[in-house]
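Asker: Sharing model31.txt, compact mmCIF, C-alpha atoms:
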# COMPACT_ATOMS: atom_id res chain seq x y z
CA MET A 1215 -48.01 20.48 -36.17
CA ALA A 1216 -50.50 18.00 -34.74
CA ALA A 1217 -48.90 15.22 -36.74
CA LEU A 1218 -45.45 16.24 -35.50
CA ARG A 1219 -46.60 16.21 -31.88
CA THR A 1220 -48.13 12.77 -32.42
CA LEU A 1221 -44.84 11.45 -33.82
CA LEU A 1222 -42.90 12.92 -30.90
CA LEU A 1223 -45.34 11.39 -28.41
CA LEU A 1224 -45.06 7.97 -30.09
CA GLY A 1225 -41.28 8.26 -30.01
CA LEU A 1226 -41.32 8.99 -26.27
CA LEU A 1227 -43.67 6.09 -25.59
CA LEU A 1228 -41.55 3.67 -27.59
CA SER A 1229 -38.40 4.89 -25.86
CA ALA A 1230 -39.96 4.43 -22.43
CA ARG A 1231 -41.16 0.95 -23.37
CA GLY A 1232 -37.67 0.02 -24.54
CA GLN A 1233 -36.21 1.11 -21.20
CA ARG A 1234 -38.48 -1.12 -19.16
CA ARG A 1235 -36.50 -3.73 -17.34
CA ARG A 1236 -37.22 -7.35 -17.97
CA PRO A 1237 -38.49 -9.20 -14.91
CA PRO A 1238 -35.70 -11.09 -13.15
CA PRO A 1239 -35.58 -14.84 -13.78
CA PRO A 1240 -37.34 -16.96 -11.14
CA GLN A 1241 -35.21 -17.83 -8.15
CA SER A 1242 -33.86 -21.37 -8.28
CA ALA A 1243 -34.50 -23.75 -5.40
CA LEU A 1244 -30.82 -23.74 -4.45
CA GLU A 1245 -30.76 -19.95 -4.13
CA LYS A 1246 -33.31 -20.29 -1.33
CA VAL A 1247 -31.06 -22.63 0.65
CA VAL A 1248 -29.16 -21.06 3.51
CA ALA A 1249 -25.73 -22.56 4.10
CA GLN A 1250 -24.79 -23.65 7.59
CA GLU A 1251 -23.30 -20.67 9.43
CA GLY A 1252 -20.23 -20.75 11.64
CA LEU A 1253 -19.16 -24.17 10.43
CA SER A 1254 -15.49 -25.11 10.27
CA LEU A 1255 -15.05 -27.35 7.26
CA HIS A 1256 -12.32 -29.27 9.02
CA GLN A 1257 -14.98 -30.55 11.40
CA LEU A 1258 -16.53 -32.40 8.46
CA SER A 1259 -13.38 -34.37 7.66
CA GLY A 1260 -13.51 -38.12 7.85
CA LYS A 1261 -15.90 -40.90 6.99
CA TRP A 1262 -19.62 -40.48 6.30
CA PHE A 1263 -22.37 -42.96 5.44
CA LEU A 1264 -24.94 -42.09 2.77
CA VAL A 1265 -28.28 -42.47 4.55
CA GLY A 1266 -30.79 -41.03 2.08
CA ILE A 1267 -31.27 -39.01 -1.07
CA ALA A 1268 -34.19 -37.08 -2.54
CA SER A 1269 -34.07 -36.56 -6.29
CA HIS A 1270 -36.12 -36.75 -9.48
CA CYS A 1271 -33.30 -38.81 -11.02
CA SER A 1272 -34.87 -41.42 -13.31
CA TYR A 1273 -32.07 -43.90 -12.56
CA LEU A 1274 -32.89 -43.84 -8.85
CA ALA A 1275 -36.58 -44.36 -9.59
CA GLU A 1276 -35.86 -47.36 -11.84
CA HIS A 1277 -33.21 -48.97 -9.62
CA SER A 1278 -34.37 -48.02 -6.11
CA HIS A 1279 -34.56 -51.75 -5.23
CA GLN A 1280 -30.87 -52.15 -6.13
CA LEU A 1281 -29.30 -49.34 -4.12
CA GLU A 1282 -25.90 -50.21 -2.68
CA ALA A 1283 -24.49 -49.23 0.70
CA THR A 1284 -22.32 -46.16 0.14
CA THR A 1285 -19.69 -44.32 2.17
CA VAL A 1286 -17.63 -41.22 1.49
CA THR A 1287 -14.38 -39.94 2.90
CA LEU A 1288 -14.17 -36.15 3.02
CA THR A 1289 -10.84 -34.33 3.07
CA ILE A 1290 -10.30 -30.56 3.27
CA LEU A 1291 -7.74 -29.37 0.74
CA GLU A 1292 -5.78 -26.13 0.44
CA GLY A 1293 -8.07 -23.24 -0.42
CA GLN A 1294 -10.97 -24.80 1.49
CA SER A 1295 -11.95 -27.07 -1.40
CA LEU A 1296 -13.17 -30.60 -0.71
CA ALA A 1297 -11.89 -33.98 -1.86
CA ILE A 1298 -14.73 -36.51 -1.82
CA ASN A 1299 -13.89 -40.20 -2.21
CA THR A 1300 -17.01 -42.34 -2.60
CA PHE A 1301 -16.97 -46.11 -2.06
CA ARG A 1302 -19.77 -48.36 -3.34
CA LYS A 1303 -20.36 -51.66 -5.10
CA LEU A 1304 -21.06 -52.06 -8.80
CA ASP A 1305 -21.71 -55.58 -10.11
CA ARG A 1306 -20.54 -56.93 -6.73
CA MET A 1307 -17.18 -55.19 -7.04
CA CYS A 1308 -16.09 -52.30 -4.83
CA TRP A 1309 -15.36 -49.06 -6.68
CA GLU A 1310 -13.96 -45.71 -5.58
CA ILE A 1311 -15.12 -42.46 -7.22
CA ARG A 1312 -12.92 -39.41 -6.67
CA GLN A 1313 -14.40 -35.92 -6.87
CA HIS A 1314 -13.11 -32.43 -6.19
CA TYR A 1315 -15.53 -29.77 -4.96
CA LEU A 1316 -14.07 -26.33 -5.65
CA SER A 1317 -14.78 -23.62 -3.09
CA THR A 1318 -16.56 -20.43 -4.10
CA GLN A 1319 -16.64 -16.97 -2.55
CA ALA A 1320 -19.80 -17.87 -0.63
CA PRO A 1321 -19.16 -19.87 2.58
CA GLY A 1322 -20.55 -23.37 2.39
CA HIS A 1323 -20.95 -23.22 -1.40
CA PHE A 1324 -18.95 -25.38 -3.80
CA VAL A 1325 -18.80 -26.28 -7.49
CA LEU A 1326 -18.21 -29.67 -9.08
CA LYS A 1327 -17.09 -29.02 -12.65
CA GLY A 1328 -17.65 -31.37 -15.58
CA HIS A 1329 -16.30 -31.64 -19.12
CA ARG A 1330 -19.04 -29.27 -20.33
CA LYS A 1331 -20.39 -26.11 -18.77
CA SER A 1332 -23.86 -27.67 -18.70
CA SER A 1333 -22.56 -30.50 -16.51
CA LYS A 1334 -21.48 -28.18 -13.70
CA VAL A 1335 -23.01 -29.04 -10.32
CA ASP A 1336 -23.51 -26.48 -7.55
CA VAL A 1337 -23.23 -27.82 -4.01
CA VAL A 1338 -24.34 -26.26 -0.71
CA VAL A 1339 -23.73 -27.49 2.83
CA GLY A 1340 -27.24 -26.84 4.08
CA GLU A 1341 -27.05 -28.06 7.64
CA ALA A 1342 -24.61 -30.10 9.66
CA ASP A 1343 -23.74 -31.42 13.07
CA PRO A 1344 -20.15 -32.63 12.50
CA SER A 1345 -20.57 -35.39 15.09
CA SER A 1346 -23.83 -36.70 13.70
CA PHE A 1347 -25.10 -35.69 10.25
CA ILE A 1348 -24.73 -33.44 7.24
CA ILE A 1349 -27.31 -32.39 4.64
CA LEU A 1350 -25.95 -31.47 1.21
CA TYR A 1351 -27.84 -29.87 -1.68
CA TYR A 1352 -26.88 -30.45 -5.31
CA GLN A 1353 -28.17 -28.58 -8.35
CA LYS A 1354 -27.40 -29.36 -11.99
CA GLY A 1355 -29.25 -27.10 -14.39
CA HIS A 1356 -32.73 -26.76 -12.92
CA SER A 1357 -32.66 -30.15 -11.18
CA ILE A 1358 -32.02 -30.25 -7.43
CA SER A 1359 -31.33 -33.14 -5.09
CA VAL A 1360 -30.72 -33.45 -1.36
CA LYS A 1361 -28.48 -35.98 0.39
CA LEU A 1362 -28.31 -36.99 4.04
CA TYR A 1363 -25.05 -38.37 5.40
CA GLY A 1364 -24.44 -39.73 8.91
CA ARG A 1365 -21.37 -40.49 10.94
CA THR A 1366 -22.97 -43.92 11.33
CA SER A 1367 -25.22 -45.80 8.92
CA LEU A 1368 -28.15 -45.29 11.30
CA VAL A 1369 -29.24 -41.79 12.34
CA SER A 1370 -31.89 -40.68 14.80
CA ASP A 1371 -35.54 -40.17 13.88
CA ALA A 1372 -35.08 -36.47 14.65
CA VAL A 1373 -32.36 -36.22 11.99
CA VAL A 1374 -34.51 -38.08 9.45
CA ASP A 1375 -37.40 -35.70 10.20
CA LYS A 1376 -35.07 -32.74 9.70
CA PHE A 1377 -33.90 -34.17 6.38
CA GLU A 1378 -37.45 -34.74 5.14
CA GLN A 1379 -38.40 -31.17 6.11
CA ARG A 1380 -35.49 -29.85 4.03
CA VAL A 1381 -36.55 -32.09 1.15
CA ARG A 1382 -40.09 -30.68 1.13
CA ALA A 1383 -38.77 -27.13 1.39
CA VAL A 1384 -37.13 -27.41 -2.05
CA GLY A 1385 -40.17 -28.92 -3.72
CA LEU A 1386 -39.29 -32.61 -3.47
CA SER A 1387 -41.44 -35.26 -1.81
CA GLU A 1388 -41.31 -38.64 -0.10
CA ASP A 1389 -42.15 -40.26 -3.45
CA VAL A 1390 -38.66 -39.36 -4.71
CA THR A 1391 -36.84 -39.95 -1.40
CA TYR A 1392 -34.77 -43.11 -1.12
CA TYR A 1393 -32.92 -44.65 1.83
CA PHE A 1394 -29.77 -46.74 1.47
CA PRO A 1395 -28.85 -50.14 2.96
CA THR A 1396 -27.12 -50.14 6.33
CA TYR A 1397 -24.89 -53.13 5.57
CA GLY A 1398 -22.52 -54.38 2.86
CA PHE A 1399 -20.19 -51.37 2.80
CA CYS A 1400 -16.91 -51.10 0.91
CA ASP A 1401 -14.02 -49.68 2.90
CA SER A 1402 -11.44 -49.70 0.12
CA THR A 1403 -10.69 -50.94 -3.38
CA ASP A 1404 -7.70 -51.69 -5.58
CA GLU A 1405 -6.05 -49.36 -8.09
CA PHE A 1406 -7.97 -50.90 -11.00
CA HIS A 1407 -11.37 -49.90 -9.65
CA VAL A 1408 -10.95 -46.15 -9.26
CA LEU A 1409 -12.98 -43.61 -11.27
CA ASP A 1410 -12.78 -39.86 -11.49
CA ALA A 1411 -15.82 -37.56 -11.41
CA HIS A 1412 -16.40 -38.11 -15.15
CA GLY A 1413 -16.58 -41.89 -14.87
CA GLU A 1414 -13.12 -42.43 -16.34
CA MET A 1415 -10.53 -44.86 -15.03
CA VAL A 1416 -7.88 -43.13 -12.94
CA GLN A 1417 -5.43 -45.95 -13.60
CA HIS A 1418 -5.71 -49.14 -15.63
CA ARG A 1419 -3.01 -51.28 -17.22
CA SER A 1420 -4.88 -51.54 -20.51
CA GLY A 1421 -5.61 -47.84 -20.63
CA LEU A 1422 -9.30 -48.51 -21.19
CA GLN A 1423 -11.97 -46.13 -19.94
CA LEU A 1424 -15.25 -47.10 -18.37
What is this structure when it is put down as structure tokens?
Answerer:
Amino acid sequence: MAALRTLLLLGLLLSARGQRRRPPPPQSALEKVVAQEGLSLHQLSGKWFLVGIASHCSYLAEHSHQLEATTVTLTILEGQSLAINTFRKLDRMCWEIRQHYLSTQAPGHFVLKGHRKSSKVDVVVGEADPSSFIILYYQKGHSISVKLYGRTSLVSDAVVDKFEQRVRAVGLSEDVTYYFPTYGFCDSTDEFHVLDAHGEMVQHRSGLQL
């Protein structure tokens, strides 16, 4: 009988252990970001200048002395998704990169999809003054970056301070924060220098891809 009771007790203990819940995965940095409340996306339409970016991207670290002045044109599409057209120089030529940020059920949250599931990028509108600046957060996998855009290429010190506070809040630092040139912008390009979000030519007579 004693042996039977021992077996029953072991069975109960093992059953209880099996029912223990695994601890939840650690919260990602982006999950801690609060999207701007009460913001009408249509207020963000129009032209923006890329002022700064904070990221652990190795390309930025290696080419920080070669950053090119960059602008984006933001358009609100049906369903509250965003069309982002980025203009910048590459090898002295102006290029346009077209991206489509899909809206999600959460206000201020978007998704930029890639060819593979692992290339998906989550985007959050963290803070914005439609007449002055916008701070966007991007997360791909476990890597997060923060971008500051201005309605002009120069923003106030107060806005820069706000941006740097947001950068530190997600675990980034001034060592990985880069500011872009305020001159040499591209306003447009021709049909042969247009890329989609995957780096492929949108239109080219030869049909070649970049």
Asker: Could you check the closest approach to Trp1262 in chain A for each of A:Ser1370, A:Thr1318, A:Ser1345, A:Gln1294 and tell me which residue wins, using only C-alpha atoms?
Answerer: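 Closest candidate: A:Ser1345.
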Asker: So, with all atoms listed in the file as the atoms that count, which of A:His1356, A:His1407, A:Lys1246, A:His1256 lies closest to Ile1290 in chain A?
Answerer: A:His1256
Asker: I'd like to know which of A:Leu1296, A:Ala1249, A:Val1286, A:Val1384 is closest to Glu1310 in chain A, using only C-alpha atoms.
Answerer: A:Val1286
Asker: Suppose you want the space between CA of Pro1321 in chain A and CA of Val1247 in chain A; what is it in Å?
Answerer: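 CA of Val1247 in chain A lies 12.4 Å from CA of Pro1321 in chain A.
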Asker: Quick one: of A:Ile1311, A:Ala1342, A:Ile1349, A:Ala1268, who's nearest to Thr1284 in chain A, counting only C-alpha atoms?
Answerer: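 Checking each candidate against Thr1284 in chain A, we get A:Ile1311 as the closest.
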Asker: Restricting the calculation to all atoms listed in the file: of A:Ile1348, A:Glu1282, A:Leu1291, A:Leu1255, which residue gets closest to Val1373 in chain A?
Answerer: A:Ile1348
Asker: Can you measure CA of Val1335 in chain A to CA of Gln1319 in chain A for me? One decimal in Å is fine.
Answerer: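 These atoms are spaced 15.7 Å apart.
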Asker: Measuring atom to atom with only C-alpha atoms, identify which of A:Leu1244, A:Leu1409, A:Val1369, A:Leu1264 is nearest to His1323 in chain A.
Answerer: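 Among the listed residues, A:Leu1244 lies closest to His1323 in chain A.
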Asker: Could you tell me how far CA of Leu1350 in chain A lies from CA of Val1338 in chain A, in Å and to one decimal?
Answerer: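 Result for CA of Leu1350 in chain A versus CA of Val1338 in chain A: 5.8 Å, one decimal.
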Asker: Could you give me, as a ChimeraX atom specification, the residues that sit within 7 Å of (-32.3, -41.0, -4.0) in the file's coordinates, counting only C-alpha atoms?
Answerer: /A:1266-1269,1274,1390-1393
Asker: Just give me the residues with any atom within 6 Å of (-30.5, -45.6, 7.0), file coordinates, counting only C-alpha atoms, written as a PyMOL selection string.
Answerer: chain A and resi 1265+1367-1368+1393-1394+1396
Asker: Identify, on the basis of only C-alpha atoms, every residue whose closest approach to Glu1292 in chain A does not exceed 12 Å; exclude the query and any residue fewer than 5 positions from it along the same chain; express the result as a ChimeraX atom specification.
Answerer: /A:1255-1256,1297,1314-1317
Asker: Can you pull out every residue within 9 Å of Asp1401 in chain A, counting only C-alpha atoms, but drop anything in the same chain fewer than 3 positions away, and send it as a PyMOL selection string?
Answerer: chain A and resi 1285+1301-1302+1308
